[in-house]
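A.B. asks: First, the structure itself, so that you have it in front of you.
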Amino acid sequence: MKLNFLNVFLVVCSILISSCTDNNDSNSGYGQLNIQLTDAPFPHDMVAEANVTIFKIDARYKGDIELNAQAIDSTDVTIETDSGKSFIVLMEDEIQVNLLELTNGITKNLVDMDIPTGSYDLMRVYVKGVNIVLKDSTTYNLKVPSGAQSGIKVFIKPELIVSSGLSSDLLLDFDVSKSFVAKGRGQNITGFNFKPVIKASNLSTTGTLLGSVTGVEQDSTITTVEGAQVAVIVSDTINTTTFTDVDGAYMLMGLDAGSYNVEVQKEGYIMQTTEEVQINAANKTVQDFELVKE
């Protein structure tokens, strides 16, 4: 299947949440939470920066916070109530991120704290200061639809379970190509609309695909291939894609456990497809590719 260059990019910004504790006291009432941010390349060659300022993240707690509080000694956690539901505030610092700098597993730490143990089924990500900067320094400041007031709502399915002495992980995929919608076509872009799209994947049930792409030159030498497109295919439908970095390496996180076809292409090379690449929950699958010149 020939992939269309502009339609195949399901580019994601990933917020990695891992919870654990420094001891095995199951009655401590706390689990540690870390949040990191990562992203894959943005599809528009004209764009130099895609900036978002995250100033607050909270999570909806499904348990009885008053009962849980009986086992909690610390008072550092801020608990807010909205429509009768308890929300744990995870961060309230302004962190500006250029999403295009975070690719292929590179992350930025956002949160490192202890939170009450229990189930969390919804997160709200509050953003402002969203803008796109083109390579000619043209800047487009974008309106944020409700992201600054009520937060971008991200449902967690299955729920994130935070347990004392154990670890659980959540991946928030910020789909950059869907979230930043260009006005105009080709080189005639006149602006962008910001329509945030974020998907949650539980890392305890998902895996990671990574590897490298090399090319066989006409003189039979082997070189690394930068900018090769790696696409994960499910039932002839693209699940997600990324591009190799300067070393020919790539990484895709948050893939549901199962079997996938993986296609790799780069202009000047013959497209290569590897079928039935197995992704296992909470594990990394290494799949390398060697492209041949056309």
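Numbering starts fresh at 1 for the residues of each chain in the structure tokens, the chains themselves are lettered A, B, ... in the order given, and ligands are numbered from 1 as they appear.
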Using only C-alpha atoms, I'd like a table of the residues in stretch 171-237 of chain A that come within 12 Å of stretch 51-58 of chain A; for each, show the closest atom pair and its distance in Å rounded to one decimal, ordered by chain and ascending number, as a tab-separated table.

C.D. replies:
residue	atom	partner	partner_atom	distance
A:Leu172	CA	A:Ile57	CA	11.9
A:Phe174	CA	A:Val52	CA	11.1
A:Val176	CA	A:Asn51	CA	10.7
A:Ser179	CA	A:Val52	CA	11.2
A:Phe180	CA	A:Asn51	CA	10.5
A:Phe194	CA	A:Val52	CA	10.5
A:Pro196	CA	A:Val52	CA	10.8

A.B. asks: Can you list, as a ChimeraX atom specification, all residues belonging to stretch 84-281 of chain A that DSSP tags as alpha helix (DSSP H)?

C.D. replies: /A:176-179

A.B. asks: Could you dump the residues just selected with C-alpha atoms as an mmCIF file, in the first residue's frame?

C.D. replies:
data_model
loop_
_atom_site.group_PDB
_atom_site.id
_atom_site.type_symbol
_atom_site.label_atom_id
_atom_site.label_comp_id
_atom_site.auth_asym_id
_atom_site.auth_seq_id
_atom_site.Cartn_x
_atom_site.Cartn_y
_atom_site.Cartn_z
ATOM 1 C CA VAL A 176 -0.224 16.947 17.086
ATOM 2 C CA SER A 177 -1.273 16.567 13.442
ATOM 3 C CA LYS A 178 -4.966 16.503 14.423
ATOM 4 C CA SER A 179 -4.594 19.160 17.107
#

A.B. asks: For A:Ser204, which of A:Asp245, A:Glu49, A:Asp219, A:Glu159 is the closest residue, counting only C-alpha atoms?

C.D. replies: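 Between A:Asp245, A:Glu49, A:Asp219, A:Glu159, the residue approaching A:Ser204 most closely is A:Glu159.
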
A.B. asks: Near stretch 226-233 of chain A, within 6 Å and counting only C-alpha atoms, which residues show up once chain neighbours fewer than 6 positions away are dropped, as a list in words?

C.D. replies: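 Counting only the stated atoms, we get Asn239, Thr240, Thr241, Thr242, Phe243, Thr244, Asp245, Val246, Gly248, Tyr260, Asn261, Val262, Glu263, Val264, Gln265 and Lys266 of chain A.
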
A.B. asks: With distances taken over only C-alpha atoms, which residue among A:Thr285, A:Gln187, A:Gln149, A:Ser137 lies nearest A:Gly207?

C.D. replies: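 Of all the options, A:Thr285 lies closest to A:Gly207.
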
A.B. asks: Considering only C-alpha atoms, return as a ChimeraX atom specification whatever protein or nucleic-acid residues lie within 7 Å of A:Gly191, sequence-local ones (same chain, fewer than 2 positions apart) excluded.

C.D. replies: /A:140,182-183,189

A.B. asks: For the residues in the current selection, export N, CA, C and O atoms as a PDB file, in the first residue's frame.

C.D. replies:
ATOM      1  N   TYR A 140       1.921  32.288  14.688  1.00  0.00           N
ATOM      2  CA  TYR A 140       0.465  32.282  14.777  1.00  0.00           C
ATOM      3  C   TYR A 140       0.070  31.928  16.207  1.00  0.00           C
ATOM      4  O   TYR A 140       0.353  30.815  16.679  1.00  0.00           O
ATOM      5  N   ALA A 182      -3.954  23.081   9.839  1.00  0.00           N
ATOM      6  CA  ALA A 182      -3.496  24.190   9.001  1.00  0.00           C
ATOM      7  C   ALA A 182      -4.634  24.769   8.175  1.00  0.00           C
ATOM      8  O   ALA A 182      -5.502  24.053   7.687  1.00  0.00           O
ATOM      9  N   LYS A 183      -4.619  26.097   8.025  1.00  0.00           N
ATOM     10  CA  LYS A 183      -5.516  26.784   7.112  1.00  0.00           C
ATOM     11  C   LYS A 183      -4.776  26.977   5.794  1.00  0.00           C
ATOM     12  O   LYS A 183      -3.686  27.548   5.774  1.00  0.00           O
ATOM     13  N   ILE A 189      -0.056  28.222   3.507  1.00  0.00           N
ATOM     14  CA  ILE A 189      -0.666  28.174   4.833  1.00  0.00           C
ATOM     15  C   ILE A 189      -0.850  29.590   5.360  1.00  0.00           C
ATOM     16  O   ILE A 189       0.083  30.397   5.362  1.00  0.00           O
TER      17      ILE A 189
END

A.B. asks: Using only C-alpha atoms for the distances, tell me which of A:Ser83, A:Thr138, A:Ser201, A:Thr78 is nearest to A:Met113.

C.D. replies: A:Thr78

A.B. asks: Name the residues in contact with A:Ala281 at a cut-off of 9 Å, using only C-alpha atoms, excluding same-chain residues fewer than 5 positions from it; report them as a PyMOL selection string.

C.D. replies: chain A and resi 203-208+255-258

A.B. asks: Could you give me, as a short mmCIF file (atom, residue, chain, number, x, y, z; two decimals) with C-alpha atoms, in the first residue's frame, the residues within 9 Å of A:Ser259, counting only C-alpha atoms and dropping anything in the same chain fewer than 6 positions from it?

C.D. replies:
data_model
loop_
_atom_site.label_atom_id
_atom_site.label_comp_id
_atom_site.auth_asym_id
_atom_site.auth_seq_id
_atom_site.Cartn_x
_atom_site.Cartn_y
_atom_site.Cartn_z
CA VAL A 234 -3.85 -2.47 11.53
CA GLU A 275 4.20 -8.43 8.63
CA GLU A 276 2.97 -9.69 11.99
CA VAL A 277 5.31 -7.75 14.24
CA GLN A 278 4.30 -8.81 17.74
CA ILE A 279 3.83 -6.17 20.45
CA ASN A 280 3.69 -7.45 24.02
#
